[in-house]
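A.B. asks: The following block contains the structure, expressed as structure tokens.
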Amino acid sequence: LEALTITPMRCSRFVTIHERTDFIGRHFEAGMNWMRDLYRRMLAACLAHPWKVVITATAIMLASFTSVKFIGKEFSPPQDQSIFLVRVKARVDASISYTNELMKRAEAYMKTVPEIQQTYVAVGGFGGSSYNTAMVFVTLKQPGDRPIDPKAGHRLSQQEVMRKMRGPLQKLDEGLTVAMQDLSMRGFTASRGFPIEFTVRGDNWEKLWSVTQDLMKGLKDKGLATDIDTDYLLGKPQVDIVPNRDLAARYGISVQDIGTTIGAMIGGVRANQYTEGGHRYYVMLQVQPKDQNLETLRNLMLANSANRLTQMKNAVTDTIKPAMQSVTRIDRQRAISVFANAAPGHATQEALDYIASREKDLPPGFRIVLSGASQTFQESFQSLIFAFILGIFVAYMVLASQFNSFIDPITVLVALPFSVSGAFLALLVTGQSLNIYSMIGLILLMGIVKKNSILLVDFTNIVRDRGEHDVKKALLEACPVRLRPIIMTSFACIAAAIPEALPFGTGSETTIPMAVSIIGGVAVSTFLTLFVVPCVYELFSRVSHRAENKEEIKQAFIKVGNEGLET
């Protein structure tokens with residue numbers, strides 16, 4: 001609206017056309033004239049061999065697409081928000097008092113980390129029910145206020161501080177599990193928010209845990225993930241007592257007798273009661289707490305119906321194994337969830353690809369399902385790819401209606417693949433990942449890079465409508481004229497994206513991949529569009545006939561319509 005109304009008004013008042021005589025103006029105009037003449041000569045050489053130009057450009061584009069294999073893929077890049085979460089899980093037989101003492105030692109260590117501003121520790125979880133776990137909310141100093149690390153020689157980022165703390169915390173106790181969680185990578189999920197999350201589902205707990213352990217070990221051994229954790233919590237060892245019915249029957253002992261005796265040992269049985277001072281007291285029979293162990297249990301005497309005694313170990317079989325603290329089911333299936341961070345130097349997609357490759361090795365009836373941030377990651381990328389493809393179809397329909405042609409929109413859209421390849425190359429060179437922000441940058445490129453092709457195609461059509469029937473001459477006349485506005489708009493777009501591509505300010509980790517993809521896409525597509533689009537236009541002109549004026553188009557439609565009615 002502004003371009004169609006206010007801009008013409010400003011031009012009518014302020015724009016003057018005259019030859020610039022100042023030093024900068026003269027040299028700038030001389031440079032633009034030289035560039036225009038050079039472009040005309042190069043374009044003439046390209047139009048002499050249009051097939052070679054198109055094939056070469058296509059080969060370059062396809063080769064650049066292979067760079068996507070070397071680009072890291074993740075839902076969102078890690079941000080330095082100066083806050084992260086540390087999940088600590090001690091060994092299974094640790095009491096809550098032991099975990100509390102352990103966290104005091106952890107706090108003492110964290111006070112020695114100069115980048116940390118404050119910490120908040122919750123032992124046993126916020127409800128205090130998890131006796132061997134704790135959570136630590138760590139708040140760092142602002143990036144500019146952190147001291148320069150003597151080893152690194154610079155101020156550490158949040159990710160570097162997390163890597164620095166991981167080792168010393170894990171060494172505080174044998175069997176300690178420490179998982180660092182970057183809260184900026186939670187995504188749009190209600191789960192724990194780790195970038196790598198999946199569940200293993202099956203119908204047998206023991207085999208399910210064995211399969212999950214194998215997957216976790218594979219992720220660790222290949223160096224694809226770190227901070228690997230699971231919601232499968234084994235409690236303290238429990239004793240499973242299975243009556244041997246044949247032996248019990250031989251001794252004349254019932255299963256009820258076995259259960260009553262074990263209940264008396266552990267919980268006690270009411271043997272008598274008495275009343276004193278208006279209060280009733282129960283007399284409980286129970287084994288001394290210090291003697292409540294497996295050996296005492298095995299030596300307990302059982303009485304049969306004939307009042308003959310035999311030891312417990314003669315009538316039962318006992319086994320010791322860890323007990324599950326909780327049972328998790330998802331969609332009515334037994335499930336174990338695994339959470340992890342991508343290892344330094346590796347992207348989230350690498351870990352997810354490895355997990356997907358292992359699914360074929362699972363036993364029958366078992367499967368792997370992505371969840372949490374991993375599920376959101378894949379769904380978001382599929383949605384963005386669908387939006388990208390849908391945008392191309394919509395752009396084609398709009399351009400077809402505007403150009404009144406089915407071929408000209410194809411010529412215009414030729415610039416899109418080159419913009420994508422330029423964005424991939426820029427992400428690879430700068431070390432940025434392909435994430436939701438860079439994908440948005442790719443979608444923005446669809447609207448930005450098409451304008452170069454539109455300028456070339458539209459003005460070439462105007463030149464041909466004026467009476468220039470030779471397509472090559474029309475292109476050599478129109479394209480150099482449009483060179484200047486193409487360069488102006490492209491450089492303006494690149495210049496506007498440069499501040500967002502610089503690593504300054506809070507949240508710059510999200511703007512950098514978007515800006516880098518735009519800069520790379522615009523730069524590469526602008527250069528290739530200037531040569532490839534005219535060649536494609538010339539090739540299409542060989543198989544299409546363009547009416548030279550509206551009257552010819554009108555008569556052609558009338559003729560076709562009459563023939564259709566007669567048929």
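Order determines the names: the first chain of the structure tokens is A, the second B, and so forth; residues in each chain are numbered 1 upward, and ligands are numbered 1 upward as they are shown.
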Hey, what's within 9 Å of A:Gln311 if we count only C-alpha atoms and toss same-chain stuff fewer than 3 positions away? As a list in words, please?

C.D. replies: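 Here the qualifying residues turn out to be Arg298, Asn299, Leu300, Met301, Leu302, Ala303, Asn314 and Ala315 of chain A.
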
A.B. asks: Hey, can you spit out that residue selection with all heavy atoms as a PDB file, in the first residue's frame?

C.D. replies:
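Contents of selection-v2.pdb, as written:
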```pdb
ATOM      1  N   ARG A 298      14.509 -66.797  56.677  1.00  0.00           N
ATOM      2  CA  ARG A 298      14.705 -68.204  56.273  1.00  0.00           C
ATOM      3  C   ARG A 298      14.643 -69.154  57.464  1.00  0.00           C
ATOM      4  O   ARG A 298      14.238 -70.318  57.314  1.00  0.00           O
ATOM      5  CB  ARG A 298      16.056 -68.345  55.564  1.00  0.00           C
ATOM      6  CG  ARG A 298      16.106 -67.686  54.201  1.00  0.00           C
ATOM      7  CD  ARG A 298      17.538 -67.652  53.664  1.00  0.00           C
ATOM      8  NE  ARG A 298      17.595 -67.074  52.329  1.00  0.00           N
ATOM      9  CZ  ARG A 298      18.729 -66.727  51.714  1.00  0.00           C
ATOM     10  NH1 ARG A 298      19.900 -66.902  52.363  1.00  0.00           N
ATOM     11  NH2 ARG A 298      18.698 -66.223  50.502  1.00  0.00           N
ATOM     12  N   ASN A 299      15.024 -68.672  58.652  1.00  0.00           N
ATOM     13  CA  ASN A 299      15.070 -69.545  59.831  1.00  0.00           C
ATOM     14  C   ASN A 299      13.805 -69.502  60.665  1.00  0.00           C
ATOM     15  O   ASN A 299      13.736 -70.151  61.717  1.00  0.00           O
ATOM     16  CB  ASN A 299      16.272 -69.184  60.705  1.00  0.00           C
ATOM     17  CG  ASN A 299      17.592 -69.475  59.997  1.00  0.00           C
ATOM     18  OD1 ASN A 299      17.694 -70.436  59.245  1.00  0.00           O
ATOM     19  ND2 ASN A 299      18.599 -68.643  60.257  1.00  0.00           N
ATOM     20  N   LEU A 300      12.815 -68.691  60.250  1.00  0.00           N
ATOM     21  CA  LEU A 300      11.553 -68.690  60.988  1.00  0.00           C
ATOM     22  C   LEU A 300      10.922 -70.082  60.958  1.00  0.00           C
ATOM     23  O   LEU A 300      11.016 -70.802  59.961  1.00  0.00           O
ATOM     24  CB  LEU A 300      10.586 -67.673  60.370  1.00  0.00           C
ATOM     25  CG  LEU A 300      10.863 -66.196  60.655  1.00  0.00           C
ATOM     26  CD1 LEU A 300       9.840 -65.326  59.917  1.00  0.00           C
ATOM     27  CD2 LEU A 300      10.806 -65.894  62.149  1.00  0.00           C
ATOM     28  N   MET A 301      10.287 -70.448  62.082  1.00  0.00           N
ATOM     29  CA  MET A 301       9.679 -71.768  62.202  1.00  0.00           C
ATOM     30  C   MET A 301       8.214 -71.700  61.812  1.00  0.00           C
ATOM     31  O   MET A 301       7.475 -70.803  62.227  1.00  0.00           O
ATOM     32  CB  MET A 301       9.826 -72.300  63.625  1.00  0.00           C
ATOM     33  CG  MET A 301      11.269 -72.331  64.132  1.00  0.00           C
ATOM     34  SD  MET A 301      12.369 -73.325  63.075  1.00  0.00           S
ATOM     35  CE  MET A 301      11.718 -74.968  63.400  1.00  0.00           C
ATOM     36  N   LEU A 302       7.802 -72.674  61.014  1.00  0.00           N
ATOM     37  CA  LEU A 302       6.404 -72.794  60.595  1.00  0.00           C
ATOM     38  C   LEU A 302       5.789 -74.010  61.299  1.00  0.00           C
ATOM     39  O   LEU A 302       6.426 -75.069  61.395  1.00  0.00           O
ATOM     40  CB  LEU A 302       6.306 -72.959  59.078  1.00  0.00           C
ATOM     41  CG  LEU A 302       6.824 -71.801  58.213  1.00  0.00           C
ATOM     42  CD1 LEU A 302       6.872 -72.224  56.743  1.00  0.00           C
ATOM     43  CD2 LEU A 302       5.934 -70.583  58.379  1.00  0.00           C
ATOM     44  N   ALA A 303       4.552 -73.843  61.784  1.00  0.00           N
ATOM     45  CA  ALA A 303       3.852 -74.944  62.459  1.00  0.00           C
ATOM     46  C   ALA A 303       2.775 -75.492  61.545  1.00  0.00           C
ATOM     47  O   ALA A 303       2.010 -74.733  60.939  1.00  0.00           O
ATOM     48  CB  ALA A 303       3.244 -74.464  63.772  1.00  0.00           C
ATOM     49  N   ASN A 314      12.609 -74.387  54.124  1.00  0.00           N
ATOM     50  CA  ASN A 314      12.262 -75.691  53.594  1.00  0.00           C
ATOM     51  C   ASN A 314      10.965 -75.677  52.795  1.00  0.00           C
ATOM     52  O   ASN A 314      10.661 -76.665  52.125  1.00  0.00           O
ATOM     53  CB  ASN A 314      12.128 -76.703  54.735  1.00  0.00           C
ATOM     54  CG  ASN A 314      13.445 -76.920  55.454  1.00  0.00           C
ATOM     55  OD1 ASN A 314      14.510 -76.831  54.834  1.00  0.00           O
ATOM     56  ND2 ASN A 314      13.387 -77.183  56.753  1.00  0.00           N
ATOM     57  N   ALA A 315      10.209 -74.591  52.871  1.00  0.00           N
ATOM     58  CA  ALA A 315       8.898 -74.556  52.213  1.00  0.00           C
ATOM     59  C   ALA A 315       8.767 -73.448  51.177  1.00  0.00           C
ATOM     60  O   ALA A 315       7.738 -73.379  50.485  1.00  0.00           O
ATOM     61  CB  ALA A 315       7.788 -74.388  53.268  1.00  0.00           C
TER      62      ALA A 315
END
```

A.B. asks: Nearest to A:Val327 among A:Arg308, A:Leu530, A:Trp205, A:Glu174, with distances taken over only C-alpha atoms: which residue is it?

C.D. replies: A:Trp205

A.B. asks: Hey, what's within 12 Å of A:Glu468 if we count only C-alpha atoms and toss same-chain stuff fewer than 6 positions away? As an MDAnalysis selection string, please?

C.D. replies: chainID A and resid 460:462 474:478 546 548

A.B. asks: I need the residues of stretch 36-124 of chain A that end up classed as helix (DSSP H, G or I) by DSSP on the backbone, written out as an NGL selection string.

C.D. replies: :A and (36-48 or 50-70 or 96-110)

A.B. asks: From the DSSP assignment of the backbone, select every residue of stretch 174-327 of chain A that is strand (DSSP E), and format the answer as a ChimeraX atom specification.

C.D. replies: /A:177-181,196-202,225-230,234-243,269-276,279-285,301-303,309-311,316-324

A.B. asks: Quick one: residues within 12 Å of A:Leu294, only C-alpha atoms counted, chain neighbours fewer than 6 positions away excluded, as a PyMOL selection string?

C.D. replies: chain A and resi 237-241+262+265-266+300+312-313+317-320
